[in-house]
Amino acid sequence: MRIHVLGSSAGGGLPQWNCNCPNCQSARDLKQTAISARTQSSIALTDTGDAWVLFNASPDIRQQLNAFPELLKPNALRGTKIKAVILVDSQIDHTLGLMLLREGETLQLYCSAQVYEDLSTRLPLVNILQYYCGVQHHLISPGLAFSVPELPFLEFTPIGSLSKAPPYSAHRENPELGDNLAFSIYDQKTKKTLLYAPAIEKIDPDLYAYMENCDHLLLDGTFWSVDEMSAISTPYKKAYEMGHLAYSGPEGMMAQLRELSCPKTLIHINNTNPVLDQRSEQYQILKEQGFDLAYDTLEILL
Ligand SMILES: [Zn+2]
Ligand SMILES: [Zn+2]
């Protein structure tokens, strides 16, 4: 399978429109190259290259797709190779881009019952899209493998990963297992497995078992430290209160995944994160621990 990173930043992107933190300042400065700009988190994935699925549709999708013209349908006046969109949750930075796909054919949307509920009530994007391209919902559930017809070699298994439902969700204070999903994606041709989990609040034994049995991890890289937002946001929330496991510290992701030897790539990186600066001590530690950072346009072949 081939994975193309459309966007590698967490919500807000890098630079974020109203942010003057050192990372955002640097990313805005075209004269420097130490910190590169990043759009909001989404990947495209294919088996043979003929048909693709998107994981998440970020608010930056127009810019992302224009930067990756390979997704256009060849030899046609209009059309796309994108056959479906799979959602990990109903967060704004993972779903607003659905609106920008309205010019296409009926949108084939794969998401959990909980996510579909949010998108048809509290954040009613699918209701609005019925006036444009229309939406066909394919229900997916933790532990039940599914496939997308146009990508016959890939098998997708959703994993219930407890993170936070968005602030507007009916499940924000009453979490359910389908609020956030991670995915194990198996390629029957190459016999390789990708584990994609862009929002992890904790690594439970079920998720860890999937991680042990994969060939590449593409993981939540939002926060370096639990207190990262303390300097910048009011009211200030800790990483876990925002549904993310920080990677430094004795209980952090790096410590918990120390035994896993497969390649580990971090995606959904927040603009406050010190590892974005490759000259930083934190970035050096991350590399020593066997982690890489995703960047927009990165490709992974499995
Ligand atoms: Zn996000
Ligand atoms: Zn910033």
# chains A, B, ... in the order shown; residues from 1 in each chain; ligands from 1
$ residues_around --residues "Ile159 in chain A" --least-positions-apart "6" --cutoff "7 Å" --atoms "only C-alpha atoms" --output "compact mmCIF listing (two decimals) with N, CA and C atoms, in the first residue's frame"
# COMPACT_ATOMS: atom_id res chain seq x y z
N PRO A 142 -15.96 -0.61 15.98
CA PRO A 142 -14.71 -1.16 16.52
C PRO A 142 -14.69 -2.69 16.42
N GLY A 143 -13.59 -3.22 15.91
CA GLY A 143 -13.40 -4.66 15.86
C GLY A 143 -13.97 -5.35 14.63
N LEU A 181 -11.67 6.52 16.55
CA LEU A 181 -11.17 5.23 16.09
C LEU A 181 -9.71 5.33 15.67
N ALA A 182 -8.99 4.25 15.92
CA ALA A 182 -7.70 4.04 15.26
C ALA A 182 -7.98 2.98 14.20
N PHE A 183 -7.04 2.74 13.29
CA PHE A 183 -7.27 1.76 12.23
C PHE A 183 -6.04 0.90 12.01
N LEU A 207 -5.32 -1.90 21.94
CA LEU A 207 -4.58 -1.08 20.97
C LEU A 207 -3.12 -1.53 20.91
$ select_by_dssp --residues "range 8-172 of chain A" --states "alpha helix (DSSP H)" --output "ChimeraX atom specification"
/A:22-28,61-66,92-95,113-120,125-129
$ write_last_selection --atoms "N, CA and C atoms" --output "compact mmCIF listing (two decimals), in the first residue's frame"
# COMPACT_ATOMS: atom_id res chain seq x y z
N PRO A 22 6.92 30.93 18.68
CA PRO A 22 8.15 30.84 17.88
C PRO A 22 8.02 29.90 16.67
N ASN A 23 7.33 28.77 16.84
CA ASN A 23 7.16 27.85 15.70
C ASN A 23 6.36 28.51 14.57
N CYS A 24 5.25 29.16 14.93
CA CYS A 24 4.41 29.77 13.90
C CYS A 24 5.14 30.92 13.22
N GLN A 25 5.87 31.71 14.03
CA GLN A 25 6.66 32.80 13.44
C GLN A 25 7.65 32.27 12.42
N SER A 26 8.35 31.20 12.79
CA SER A 26 9.35 30.64 11.88
C SER A 26 8.70 30.07 10.62
N ALA A 27 7.58 29.37 10.81
CA ALA A 27 6.93 28.75 9.66
C ALA A 27 6.40 29.80 8.68
N ARG A 28 6.11 31.00 9.21
CA ARG A 28 5.61 32.09 8.37
C ARG A 28 6.76 32.75 7.60
N ILE A 61 -8.33 20.93 2.76
CA ILE A 61 -8.37 19.89 1.72
C ILE A 61 -8.19 20.45 0.30
N ARG A 62 -8.69 21.64 0.06
CA ARG A 62 -8.56 22.19 -1.30
C ARG A 62 -7.09 22.37 -1.67
N GLN A 63 -6.35 22.98 -0.75
CA GLN A 63 -4.91 23.17 -0.95
C GLN A 63 -4.19 21.82 -1.04
N GLN A 64 -4.61 20.87 -0.22
CA GLN A 64 -3.93 19.56 -0.20
C GLN A 64 -4.14 18.80 -1.51
N LEU A 65 -5.37 18.82 -2.02
CA LEU A 65 -5.65 18.07 -3.24
C LEU A 65 -5.04 18.75 -4.46
N ASN A 66 -5.02 20.07 -4.45
CA ASN A 66 -4.37 20.77 -5.56
C ASN A 66 -2.87 20.51 -5.58
N ILE A 92 -13.71 19.11 14.18
CA ILE A 92 -13.74 20.11 13.10
C ILE A 92 -12.56 19.96 12.15
N ASP A 93 -11.36 19.78 12.71
CA ASP A 93 -10.18 19.74 11.83
C ASP A 93 -10.09 18.45 11.02
N HIS A 94 -10.99 17.48 11.28
CA HIS A 94 -10.98 16.24 10.49
C HIS A 94 -12.20 16.13 9.58
N THR A 95 -13.15 17.06 9.69
CA THR A 95 -14.42 16.90 8.97
C THR A 95 -14.85 18.09 8.09
N ALA A 113 -21.26 5.03 14.23
CA ALA A 113 -22.60 5.57 14.53
C ALA A 113 -22.49 6.87 15.33
N GLN A 114 -21.50 6.92 16.25
CA GLN A 114 -21.35 8.11 17.09
C GLN A 114 -20.92 9.32 16.27
N VAL A 115 -19.99 9.10 15.35
CA VAL A 115 -19.51 10.19 14.51
C VAL A 115 -20.63 10.65 13.56
N TYR A 116 -21.36 9.69 13.00
CA TYR A 116 -22.46 10.06 12.11
C TYR A 116 -23.54 10.85 12.85
N GLU A 117 -23.77 10.47 14.09
CA GLU A 117 -24.75 11.21 14.91
C GLU A 117 -24.31 12.67 15.06
N ASP A 118 -23.04 12.88 15.41
CA ASP A 118 -22.55 14.26 15.54
C ASP A 118 -22.70 15.02 14.23
N LEU A 119 -22.38 14.37 13.12
CA LEU A 119 -22.36 15.07 11.83
C LEU A 119 -23.75 15.24 11.23
N SER A 120 -24.75 14.66 11.88
CA SER A 120 -26.11 14.90 11.40
C SER A 120 -26.96 15.62 12.44
N LEU A 125 -23.01 18.59 9.03
CA LEU A 125 -22.40 18.69 7.69
C LEU A 125 -23.10 17.78 6.68
N VAL A 126 -23.46 16.56 7.10
CA VAL A 126 -24.05 15.64 6.12
C VAL A 126 -25.45 16.11 5.70
N ASN A 127 -26.16 16.77 6.61
CA ASN A 127 -27.48 17.30 6.23
C ASN A 127 -27.34 18.34 5.13
N ILE A 128 -26.34 19.19 5.26
CA ILE A 128 -26.13 20.24 4.26
C ILE A 128 -25.66 19.63 2.94
N LEU A 129 -24.79 18.62 3.03
CA LEU A 129 -24.27 18.00 1.80
C LEU A 129 -25.37 17.28 1.01
$ select_by_dssp --residues "range 74-142 of chain A" --states "strand (DSSP E or B)" --output "ChimeraX atom specification"
/A:80,82-86,107-111,135-139
$ write_last_selection --atoms "C-alpha atoms" --output "CSV table (one decimal), in the first residue's frame"
chain,number,residue,atom,x,y,z
A,80,THR,CA,-11.4,11.9,-9.0
A,82,ILE,CA,-11.0,9.4,-4.3
A,83,LYS,CA,-13.6,6.7,-3.8
A,84,ALA,CA,-14.4,7.1,-0.1
A,85,VAL,CA,-13.7,9.2,3.0
A,86,ILE,CA,-13.1,7.4,6.3
A,107,LEU,CA,-19.8,11.0,-1.0
A,108,GLN,CA,-19.1,7.5,0.3
A,109,LEU,CA,-18.6,8.2,4.0
A,110,TYR,CA,-17.3,5.5,6.4
A,111,CYS,CA,-17.7,6.4,10.0
A,135,VAL,CA,-23.8,11.4,1.3
A,136,GLN,CA,-24.0,7.6,1.5
A,137,HIS,CA,-23.1,6.4,5.0
A,138,HIS,CA,-21.3,3.2,5.6
A,139,LEU,CA,-21.5,2.2,9.2
$ residues_near_ligand --ligand "ligand 2" --cutoff "10 Å" --atoms "only C-alpha atoms and all ligand atoms" --output "NGL selection string"
:A and (12-27 or 232 or 270-273)
$ write_last_selection --atoms "C-alpha atoms" --output "compact mmCIF listing (two decimals), in the first residue's frame"
# COMPACT_ATOMS: atom_id res chain seq x y z
CA GLY A 12 -4.99 25.14 13.52
CA GLY A 13 -2.16 24.11 11.20
CA LEU A 14 1.33 25.59 11.16
CA PRO A 15 1.38 28.56 11.13
CA GLN A 16 -1.97 29.02 12.83
CA TRP A 17 -3.74 32.18 11.67
CA ASN A 18 -3.70 34.00 15.04
CA CYS A 19 -0.55 32.57 16.59
CA ASN A 20 2.79 34.25 17.12
CA CYS A 21 4.54 31.45 18.98
CA PRO A 22 8.15 30.84 17.88
CA ASN A 23 7.16 27.85 15.70
CA CYS A 24 4.41 29.77 13.90
CA GLN A 25 6.66 32.80 13.44
CA SER A 26 9.35 30.64 11.88
CA ALA A 27 6.93 28.75 9.66
CA ILE A 232 -0.34 29.80 25.19
CA ASN A 270 0.46 20.69 17.24
CA ASN A 271 2.05 24.01 16.34
CA THR A 272 3.25 24.46 19.94
CA ASN A 273 5.34 21.29 19.80
$ residues_near_ligand --ligand "ligand 1" --cutoff "7 Å" --atoms "only C-alpha atoms and all ligand atoms" --output "list in words"
Ala10, Gly11, Ser41, Gln91, Asp93, His94 and His268 of chain A
$ atom_distance --atom1 "CA of Glu241 in chain A" --atom2 "CA of Glu228 in chain A"
12.0 Å
$ closest_residue --among "A:Tyr247, A:Phe223, A:Phe291, A:Tyr186" --to "Cys262 in chain A" --atoms "only C-alpha atoms"
A:Phe291
$ atom_distance --atom1 "CA of Glu259 in chain A" --atom2 "CA of Ser184 in chain A"
19.0 Å
$ closest_residue --among "A:Asp187, A:Met99, A:Ser141, A:Val5" --to "Phe68 in chain A" --atoms "only C-alpha atoms"
A:Val5
$ closest_residue --among "A:Leu144, A:Ile285, A:Ala76, A:Pro167" --to "Leu123 in chain A" --atoms "only C-alpha atoms"
A:Pro167
$ closest_residue --among "A:Thr193, A:Asn75, A:Ser58, A:Gln278" --to "Met211 in chain A" --atoms "only C-alpha atoms"
A:Thr193
$ atom_distance --atom1 "CA of Gly178 in chain A" --atom2 "CA of Pro205 in chain A"
17.0 Å
$ closest_residue --among "A:Ile35, A:Leu96, A:Leu151, A:Val226" --to "Asp50 in chain A" --atoms "only C-alpha atoms"
A:Leu151
$ residues_around --residues "Arg2 in chain A" --least-positions-apart "2" --cutoff "9 Å" --atoms "only C-alpha atoms" --output "list in words"
His4, Ala44, Leu45, Thr46, Asp47, Thr48, Gly49, Glu299, Ile300, Leu301 and Leu302 of chain A
